[in-house]
Structures are given as structure tokens and as C-alpha cells.
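Inspection log for the structure reproduced underneath, given as C-alpha cells.
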Amino acid sequence: MVIRVYIASSSGSMAVRKIKKKQQDVLGFLEANKIGFEEKDIAANEENRKWMRENVPENNRPATGYPLPPQIFNESQYRGDYDAFFEARENNAVYAFLGLTAPPGSKEAEAQAKQQA
């Protein structure tokens with residue numbers, strides 16, 4: 001399984017800088033926890049942009065405009081946007097959010113074990 005994070009590489013406006021910070025937050029977490037992922041740049045690749053826009057479910061799209069990066073998928077299965085990722089991280093549930101098994105000894109694995117006991 002490959003985690004795919006759709007990002008935008010272009011920079012400039014304040015809104016874009018906020019997006020960049022969110023992207024760095026997600027990518028930094030994945031790197032720090034040695035979770036394999038692919039970056040898919042929607043600014044430099046029209047196919048990536050089109051695929052992301054078509055595969056974010058209707059109920060997760062903004063009322064107007066297009067979904068903004070970062071958008072997170074496990075293979076082709078939509079997992080969520082930055083807000084969903086942030087909530088999962090706050091609840092020690094990122095592996096479940098990503099559709100992955102938490103590694104033994106992680107906070108998330110320990111929390112799951114307590115819930116099952």
C-alpha cells in the first residue's frame with residue numbers, strides 16, 4: 001500500500017503559504033514516523049491535478065471551487081484532507097486514518113490494545 005499525498009509546489013500568496021505549511025506538516029509527520037509515501041504535485045502535473053479533483057468524494061469537496069491540497073489517499077482510496085489528518089494525529093489515530101496497521105509499541109497501538117482489553 002502506498003500513501004499518496006497530493007501537494008502544490010507553487011508558492012506566493014498568503015493562502016498558498018498556509019497550504020504549504022499544512023503540506024509540510026503532513027509530509028514531516030510521515031517522514032518522522034517512517035511511513036512510506038509518494039508526493040503528487042498538482043501544480044507541476046496536470047494529470048495529478050485532474051486525478052485528485054476527480055477522486056475526492058463529493059461530500060468532501062468544498063461548496064465552491066476545488067479541493068485544496070494536501071489531500072491524502074491510500075493507493076486510490078481517499079483518506080482525507082489536512083483537517084482530517086490533524087484530528088487523527090491529535091487522537092493518536094493516524095495509522096487508522098491512513099488505513100495502515102499501527103506498529104507495535106506506538107502510542108496508537110497501545111491505545112488500541114487498551115480499547116480491546
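In the C-alpha cells, chains take the letters A, B, ... in the order shown, each chain's residues start at 1, and ligands count up from 1 in the order shown.
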When DSSP works through the backbone of this structure, what residues of range 7-92 of chain A end up as alpha helix (DSSP H), shown as a PyMOL selection string? chain A and resi 14-32+46-55+82-90
Contacts of Ile72 in chain A at 10 Å or less, counting only C-alpha atoms, minus same-chain residues fewer than 5 places along, as a list in words? Ile3, Arg4, Val5, Tyr6, Ile7, Val26, Phe37, Glu39, Lys40, Met52, Val56, Gln77, Tyr78, Arg79, Gly80, Asp81, Tyr82, Ala84, Phe85, Phe97 and Leu98 of chain A
Restrict the selected residues to N, CA and C atoms and save them as a CSV table (one decimal), in the first residue's frame.
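As a result, result-v3.csv now contains:
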chain,number,residue,atom,x,y,z
A,3,ILE,N,0.9,5.4,0.4
A,3,ILE,CA,0.2,6.6,0.8
A,3,ILE,C,0.6,7.6,-0.2
A,4,ARG,N,-0.4,8.3,-0.8
A,4,ARG,CA,-0.2,9.4,-1.8
A,4,ARG,C,-0.7,10.7,-1.2
A,5,VAL,N,0.2,11.7,-1.2
A,5,VAL,CA,-0.2,13.0,-0.7
A,5,VAL,C,-0.1,14.0,-1.8
A,6,TYR,N,-1.3,14.5,-2.2
A,6,TYR,CA,-1.3,15.5,-3.3
A,6,TYR,C,-1.0,16.9,-2.7
A,7,ILE,N,0.0,17.5,-3.3
A,7,ILE,CA,0.5,18.8,-2.8
A,7,ILE,C,0.6,19.8,-4.0
A,26,VAL,N,2.1,17.5,7.2
A,26,VAL,CA,1.7,16.1,6.8
A,26,VAL,C,3.0,15.3,6.4
A,37,PHE,N,5.6,7.1,1.5
A,37,PHE,CA,4.6,7.9,0.8
A,37,PHE,C,5.1,8.4,-0.5
A,39,GLU,N,4.8,11.9,-3.0
A,39,GLU,CA,4.2,13.2,-3.2
A,39,GLU,C,3.7,13.3,-4.7
A,40,LYS,N,2.5,13.8,-4.9
A,40,LYS,CA,2.0,14.0,-6.2
A,40,LYS,C,1.7,15.5,-6.3
A,52,MET,N,-6.7,14.0,-8.6
A,52,MET,CA,-7.0,14.4,-7.3
A,52,MET,C,-8.4,15.0,-7.3
A,56,VAL,N,-11.5,13.0,-5.0
A,56,VAL,CA,-12.0,13.4,-3.7
A,56,VAL,C,-13.5,13.3,-3.7
A,77,GLN,N,-7.7,4.9,-2.6
A,77,GLN,CA,-8.8,5.2,-1.6
A,77,GLN,C,-8.5,6.5,-0.9
A,78,TYR,N,-9.5,7.3,-0.9
A,78,TYR,CA,-9.5,8.7,-0.3
A,78,TYR,C,-9.4,8.5,1.2
A,79,ARG,N,-8.5,9.1,1.9
A,79,ARG,CA,-8.4,9.1,3.4
A,79,ARG,C,-8.8,10.4,4.0
A,80,GLY,N,-8.5,11.5,3.4
A,80,GLY,CA,-9.0,12.8,3.9
A,80,GLY,C,-8.0,13.9,3.6
A,81,ASP,N,-8.4,15.1,4.1
A,81,ASP,CA,-7.6,16.3,3.9
A,81,ASP,C,-6.8,16.6,5.1
A,82,TYR,N,-6.2,17.8,5.2
A,82,TYR,CA,-5.4,18.2,6.3
A,82,TYR,C,-6.1,18.2,7.6
A,84,ALA,N,-8.7,16.4,8.6
A,84,ALA,CA,-9.0,15.1,9.0
A,84,ALA,C,-7.7,14.4,9.5
A,85,PHE,N,-6.5,14.7,8.8
A,85,PHE,CA,-5.2,14.2,9.3
A,85,PHE,C,-4.9,14.8,10.6
A,97,PHE,N,-6.3,6.2,10.3
A,97,PHE,CA,-6.8,7.2,9.4
A,97,PHE,C,-6.2,6.9,8.0
A,98,LEU,N,-4.9,6.5,8.0
A,98,LEU,CA,-4.2,6.2,6.7
A,98,LEU,C,-4.6,4.8,6.2
Could you please determine the separation between CA of Lys22 in chain A and CA of Ala96 in chain A in Å, to one decimal place? 19.7 Å
Gap from CA of Phe29 in chain A to CA of Asn60 in chain A - Å, one decimal: 22.6 Å
Using only C-alpha atoms, which residue out of A:Ser76, A:Ala111, A:Leu30, A:Thr64 lies closest to Asn92 in chain A? A:Ala111
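With only C-alpha atoms as the atoms that count, the minimum distance from Pro69 in chain A to the choices A:Val16, A:Ala32, A:Val2, A:Ala88 is reached by A:Val16.
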Backbone DSSP call of strand (DSSP E) for range 4-105 of chain A, listed as a PyMOL selection string: chain A and resi 4-7+37-41+71-74+77-81
Taking N, CA and C atoms for each residue, export the selection above as a short mmCIF file (atom, residue, chain, number, x, y, z; two decimals), in the first residue's frame.
data_model
loop_
_atom_site.label_atom_id
_atom_site.label_comp_id
_atom_site.auth_asym_id
_atom_site.auth_seq_id
_atom_site.Cartn_x
_atom_site.Cartn_y
_atom_site.Cartn_z
N ARG A 4 -0.39 8.31 -0.79
CA ARG A 4 -0.15 9.37 -1.76
C ARG A 4 -0.67 10.68 -1.19
N VAL A 5 0.21 11.68 -1.17
CA VAL A 5 -0.16 12.99 -0.67
C VAL A 5 -0.10 13.96 -1.85
N TYR A 6 -1.25 14.52 -2.18
CA TYR A 6 -1.33 15.47 -3.29
C TYR A 6 -1.03 16.86 -2.74
N ILE A 7 0.00 17.48 -3.32
CA ILE A 7 0.51 18.76 -2.85
C ILE A 7 0.56 19.75 -4.01
N PHE A 37 5.57 7.12 1.53
CA PHE A 37 4.56 7.90 0.81
C PHE A 37 5.13 8.41 -0.49
N GLU A 38 4.24 8.83 -1.36
CA GLU A 38 4.61 9.49 -2.61
C GLU A 38 3.99 10.88 -2.60
N GLU A 39 4.77 11.87 -3.03
CA GLU A 39 4.22 13.21 -3.24
C GLU A 39 3.72 13.28 -4.67
N LYS A 40 2.54 13.82 -4.85
CA LYS A 40 1.97 14.02 -6.18
C LYS A 40 1.70 15.52 -6.32
N ASP A 41 2.49 16.18 -7.14
CA ASP A 41 2.41 17.63 -7.29
C ASP A 41 1.32 18.00 -8.29
N GLN A 71 -4.27 16.58 0.02
CA GLN A 71 -5.30 15.55 0.03
C GLN A 71 -4.57 14.23 0.12
N ILE A 72 -5.08 13.33 0.95
CA ILE A 72 -4.34 12.10 1.28
C ILE A 72 -5.13 10.88 0.82
N PHE A 73 -4.43 9.97 0.16
CA PHE A 73 -5.02 8.72 -0.35
C PHE A 73 -4.13 7.56 0.08
N ASN A 74 -4.75 6.40 0.25
CA ASN A 74 -4.02 5.14 0.39
C ASN A 74 -4.30 4.41 -0.91
N GLN A 77 -7.70 4.95 -2.57
CA GLN A 77 -8.76 5.16 -1.58
C GLN A 77 -8.55 6.49 -0.85
N TYR A 78 -9.54 7.34 -0.94
CA TYR A 78 -9.46 8.65 -0.29
C TYR A 78 -9.45 8.48 1.23
N ARG A 79 -8.49 9.14 1.90
CA ARG A 79 -8.39 9.07 3.35
C ARG A 79 -8.77 10.38 4.02
N GLY A 80 -8.55 11.52 3.35
CA GLY A 80 -8.95 12.78 3.95
C GLY A 80 -8.04 13.94 3.58
N ASP A 81 -8.39 15.10 4.13
CA ASP A 81 -7.61 16.31 3.90
C ASP A 81 -6.79 16.62 5.14
#
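Of the listed residues (A:Lys34, A:Ala63, A:Ala8, A:Leu27), A:Ala8 comes nearest to Asn48 in chain A; the distances count only C-alpha atoms.
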When you look at Ala93 in chain A with a cut-off of 12 Å (counting only C-alpha atoms), what residues show up, excluding the ones that are within fewer than 2 positions of it in the same chain? I need them as an mmCIF file with all heavy atoms, in the first residue's frame.
data_model
loop_
_atom_site.group_PDB
_atom_site.id
_atom_site.type_symbol
_atom_site.label_atom_id
_atom_site.label_comp_id
_atom_site.auth_asym_id
_atom_site.auth_seq_id
_atom_site.Cartn_x
_atom_site.Cartn_y
_atom_site.Cartn_z
ATOM 1 N N ALA A 84 -8.720 16.429 8.555
ATOM 2 C CA ALA A 84 -8.953 15.051 8.999
ATOM 3 C C ALA A 84 -7.655 14.430 9.512
ATOM 4 O O ALA A 84 -7.648 13.719 10.528
ATOM 5 C CB ALA A 84 -9.532 14.222 7.860
ATOM 6 N N PHE A 85 -6.546 14.701 8.818
ATOM 7 C CA PHE A 85 -5.242 14.210 9.260
ATOM 8 C C PHE A 85 -4.896 14.783 10.631
ATOM 9 O O PHE A 85 -4.467 14.063 11.529
ATOM 10 C CB PHE A 85 -4.160 14.598 8.239
ATOM 11 C CG PHE A 85 -2.763 14.402 8.748
ATOM 12 C CD1 PHE A 85 -2.171 13.160 8.712
ATOM 13 C CD2 PHE A 85 -2.048 15.466 9.282
ATOM 14 C CE1 PHE A 85 -0.876 12.972 9.190
ATOM 15 C CE2 PHE A 85 -0.763 15.293 9.765
ATOM 16 C CZ PHE A 85 -0.177 14.046 9.721
ATOM 17 N N PHE A 86 -5.081 16.088 10.797
ATOM 18 C CA PHE A 86 -4.758 16.758 12.056
ATOM 19 C C PHE A 86 -5.577 16.167 13.206
ATOM 20 O O PHE A 86 -5.033 15.889 14.280
ATOM 21 C CB PHE A 86 -5.016 18.263 11.935
ATOM 22 C CG PHE A 86 -4.642 19.031 13.169
ATOM 23 C CD1 PHE A 86 -3.322 19.390 13.403
ATOM 24 C CD2 PHE A 86 -5.603 19.385 14.107
ATOM 25 C CE1 PHE A 86 -2.971 20.099 14.556
ATOM 26 C CE2 PHE A 86 -5.267 20.086 15.254
ATOM 27 C CZ PHE A 86 -3.947 20.440 15.485
ATOM 28 N N GLU A 87 -6.855 15.949 12.973
ATOM 29 C CA GLU A 87 -7.705 15.361 14.011
ATOM 30 C C GLU A 87 -7.227 13.959 14.374
ATOM 31 O O GLU A 87 -7.148 13.604 15.558
ATOM 32 C CB GLU A 87 -9.162 15.314 13.539
ATOM 33 C CG GLU A 87 -10.122 14.843 14.614
ATOM 34 C CD GLU A 87 -11.569 14.916 14.166
ATOM 35 O OE1 GLU A 87 -11.928 15.848 13.424
ATOM 36 O OE2 GLU A 87 -12.330 14.028 14.568
ATOM 37 N N ALA A 88 -6.881 13.164 13.369
ATOM 38 C CA ALA A 88 -6.372 11.809 13.628
ATOM 39 C C ALA A 88 -5.073 11.864 14.422
ATOM 40 O O ALA A 88 -4.861 11.074 15.351
ATOM 41 C CB ALA A 88 -6.168 11.065 12.311
ATOM 42 N N ARG A 89 -4.211 12.812 14.074
ATOM 43 C CA ARG A 89 -2.940 12.946 14.792
ATOM 44 C C ARG A 89 -3.178 13.330 16.248
ATOM 45 O O ARG A 89 -2.550 12.778 17.157
ATOM 46 C CB ARG A 89 -2.056 13.983 14.095
ATOM 47 C CG ARG A 89 -0.631 13.980 14.613
ATOM 48 C CD ARG A 89 0.221 14.957 13.884
ATOM 49 N NE ARG A 89 -0.216 16.296 14.237
ATOM 50 C CZ ARG A 89 0.264 17.397 13.697
ATOM 51 N NH1 ARG A 89 1.162 17.328 12.749
ATOM 52 N NH2 ARG A 89 -0.172 18.571 14.082
ATOM 53 N N GLU A 90 -4.090 14.244 16.480
ATOM 54 C CA GLU A 90 -4.406 14.668 17.847
ATOM 55 C C GLU A 90 -4.973 13.510 18.675
ATOM 56 O O GLU A 90 -4.800 13.474 19.892
ATOM 57 C CB GLU A 90 -5.401 15.832 17.830
ATOM 58 C CG GLU A 90 -4.816 17.126 17.307
ATOM 59 C CD GLU A 90 -3.708 17.671 18.199
ATOM 60 O OE1 GLU A 90 -3.978 17.920 19.382
ATOM 61 O OE2 GLU A 90 -2.580 17.845 17.694
ATOM 62 N N ASN A 91 -5.651 12.588 18.013
ATOM 63 C CA ASN A 91 -6.271 11.445 18.696
ATOM 64 C C ASN A 91 -5.414 10.184 18.645
ATOM 65 O O ASN A 91 -5.916 9.091 18.943
ATOM 66 C CB ASN A 91 -7.646 11.169 18.083
ATOM 67 C CG ASN A 91 -8.616 12.283 18.351
ATOM 68 O OD1 ASN A 91 -8.660 12.849 19.448
ATOM 69 N ND2 ASN A 91 -9.412 12.648 17.349
ATOM 70 N N TYR A 95 -2.447 6.073 11.949
ATOM 71 C CA TYR A 95 -2.331 4.834 11.178
ATOM 72 C C TYR A 95 -3.712 4.344 10.734
ATOM 73 O O TYR A 95 -3.888 3.947 9.582
ATOM 74 C CB TYR A 95 -1.590 3.751 11.967
ATOM 75 C CG TYR A 95 -0.111 4.044 12.106
ATOM 76 C CD1 TYR A 95 0.383 4.732 13.206
ATOM 77 C CD2 TYR A 95 0.783 3.663 11.115
ATOM 78 C CE1 TYR A 95 1.732 5.024 13.328
ATOM 79 C CE2 TYR A 95 2.139 3.948 11.222
ATOM 80 C CZ TYR A 95 2.601 4.637 12.336
ATOM 81 O OH TYR A 95 3.939 4.924 12.437
ATOM 82 N N ALA A 96 -4.685 4.386 11.632
ATOM 83 C CA ALA A 96 -6.051 4.002 11.262
ATOM 84 C C ALA A 96 -6.586 4.938 10.184
ATOM 85 O O ALA A 96 -7.207 4.496 9.212
ATOM 86 C CB ALA A 96 -6.961 4.017 12.487
ATOM 87 N N PHE A 97 -6.340 6.233 10.345
ATOM 88 C CA PHE A 97 -6.760 7.220 9.350
ATOM 89 C C PHE A 97 -6.175 6.890 7.980
ATOM 90 O O PHE A 97 -6.858 6.971 6.964
ATOM 91 C CB PHE A 97 -6.317 8.621 9.800
ATOM 92 C CG PHE A 97 -6.380 9.668 8.720
ATOM 93 C CD1 PHE A 97 -7.592 10.212 8.339
ATOM 94 C CD2 PHE A 97 -5.230 10.100 8.087
ATOM 95 C CE1 PHE A 97 -7.657 11.174 7.333
ATOM 96 C CE2 PHE A 97 -5.278 11.062 7.096
ATOM 97 C CZ PHE A 97 -6.495 11.596 6.711
ATOM 98 N N LEU A 98 -4.913 6.495 7.952
ATOM 99 C CA LEU A 98 -4.244 6.172 6.695
ATOM 100 C C LEU A 98 -4.611 4.793 6.154
ATOM 101 O O LEU A 98 -4.257 4.450 5.028
ATOM 102 C CB LEU A 98 -2.724 6.257 6.874
ATOM 103 C CG LEU A 98 -2.164 7.641 7.192
ATOM 104 C CD1 LEU A 98 -0.683 7.541 7.538
ATOM 105 C CD2 LEU A 98 -2.396 8.610 6.030
ATOM 106 N N GLY A 99 -5.305 3.991 6.953
ATOM 107 C CA GLY A 99 -5.642 2.634 6.537
ATOM 108 C C GLY A 99 -4.489 1.672 6.719
ATOM 109 O O GLY A 99 -4.370 0.680 6.010
ATOM 110 N N LEU A 100 -3.609 1.972 7.691
ATOM 111 C CA LEU A 100 -2.433 1.152 7.966
ATOM 112 C C LEU A 100 -2.524 0.550 9.364
ATOM 113 O O LEU A 100 -3.262 1.050 10.214
ATOM 114 C CB LEU A 100 -1.166 2.007 7.889
ATOM 115 C CG LEU A 100 -0.899 2.734 6.581
ATOM 116 C CD1 LEU A 100 0.300 3.661 6.729
ATOM 117 C CD2 LEU A 100 -0.671 1.742 5.447
ATOM 118 N N THR A 101 -1.753 -0.490 9.607
ATOM 119 C CA THR A 101 -1.667 -1.089 10.931
ATOM 120 C C THR A 101 -0.612 -0.335 11.738
ATOM 121 O O THR A 101 0.505 -0.128 11.249
ATOM 122 C CB THR A 101 -1.262 -2.571 10.823
ATOM 123 O OG1 THR A 101 -2.238 -3.246 10.021
ATOM 124 C CG2 THR A 101 -1.182 -3.223 12.193
ATOM 125 N N ALA A 102 -0.975 0.066 12.936
ATOM 126 C CA ALA A 102 -0.030 0.783 13.797
ATOM 127 C C ALA A 102 1.089 -0.170 14.215
ATOM 128 O O ALA A 102 0.838 -1.320 14.563
ATOM 129 C CB ALA A 102 -0.745 1.326 15.023
ATOM 130 N N PRO A 103 2.336 0.299 14.190
ATOM 131 C CA PRO A 103 3.446 -0.578 14.587
ATOM 132 C C PRO A 103 3.412 -0.873 16.084
ATOM 133 O O PRO A 103 2.991 -0.019 16.872
ATOM 134 C CB PRO A 103 4.692 0.220 14.212
ATOM 135 C CG PRO A 103 4.247 1.637 14.137
ATOM 136 C CD PRO A 103 2.793 1.617 13.776
ATOM 137 N N SER A 106 3.849 1.664 19.353
ATOM 138 C CA SER A 106 3.450 3.046 19.081
ATOM 139 C C SER A 106 2.302 3.440 20.008
ATOM 140 O O SER A 106 1.587 2.589 20.546
ATOM 141 C CB SER A 106 3.024 3.209 17.620
ATOM 142 O OG SER A 106 1.817 2.507 17.376
ATOM 143 N N LYS A 107 2.138 4.730 20.215
ATOM 144 C CA LYS A 107 1.036 5.216 21.061
ATOM 145 C C LYS A 107 -0.300 4.709 20.541
ATOM 146 O O LYS A 107 -1.173 4.340 21.313
ATOM 147 C CB LYS A 107 1.013 6.752 21.094
ATOM 148 C CG LYS A 107 2.104 7.373 21.915
ATOM 149 C CD LYS A 107 1.954 8.883 21.926
ATOM 150 C CE LYS A 107 3.061 9.547 22.721
ATOM 151 N NZ LYS A 107 2.931 11.008 22.682
ATOM 152 N N GLU A 108 -0.440 4.699 19.221
ATOM 153 C CA GLU A 108 -1.703 4.258 18.622
ATOM 154 C C GLU A 108 -1.950 2.774 18.886
ATOM 155 O O GLU A 108 -3.060 2.378 19.234
ATOM 156 C CB GLU A 108 -1.688 4.534 17.124
ATOM 157 C CG GLU A 108 -3.022 4.307 16.462
ATOM 158 C CD GLU A 108 -3.070 4.842 15.035
ATOM 159 O OE1 GLU A 108 -2.266 5.725 14.669
ATOM 160 O OE2 GLU A 108 -3.936 4.365 14.294
ATOM 161 N N ALA A 109 -0.909 1.937 18.756
ATOM 162 C CA ALA A 109 -1.063 0.510 19.022
ATOM 163 C C ALA A 109 -1.408 0.261 20.479
ATOM 164 O O ALA A 109 -2.264 -0.579 20.798
ATOM 165 C CB ALA A 109 0.204 -0.247 18.624
ATOM 166 N N GLU A 110 -0.769 1.005 21.381
ATOM 167 C CA GLU A 110 -1.061 0.874 22.813
ATOM 168 C C GLU A 110 -2.500 1.292 23.120
ATOM 169 O O GLU A 110 -3.198 0.641 23.904
ATOM 170 C CB GLU A 110 -0.077 1.688 23.634
ATOM 171 C CG GLU A 110 1.341 1.123 23.608
ATOM 172 C CD GLU A 110 2.365 2.048 24.257
ATOM 173 O OE1 GLU A 110 1.975 3.056 24.872
ATOM 174 O OE2 GLU A 110 3.568 1.741 24.136
ATOM 175 N N ALA A 111 -2.966 2.357 22.503
ATOM 176 C CA ALA A 111 -4.340 2.830 22.706
ATOM 177 C C ALA A 111 -5.349 1.801 22.197
ATOM 178 O O ALA A 111 -6.365 1.538 22.850
ATOM 179 C CB ALA A 111 -4.556 4.168 22.017
ATOM 180 N N GLN A 112 -5.037 1.190 21.046
ATOM 181 C CA GLN A 112 -5.925 0.148 20.507
ATOM 182 C C GLN A 112 -5.962 -1.063 21.425
ATOM 183 O O GLN A 112 -7.021 -1.647 21.655
ATOM 184 C CB GLN A 112 -5.469 -0.260 19.104
ATOM 185 C CG GLN A 112 -5.725 0.797 18.057
ATOM 186 C CD GLN A 112 -5.092 0.435 16.719
ATOM 187 O OE1 GLN A 112 -4.305 -0.514 16.602
ATOM 188 N NE2 GLN A 112 -5.424 1.218 15.703
#
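Between CA of Ala43 in chain A and CA of Ser10 in chain A the separation is 6.3 Å.
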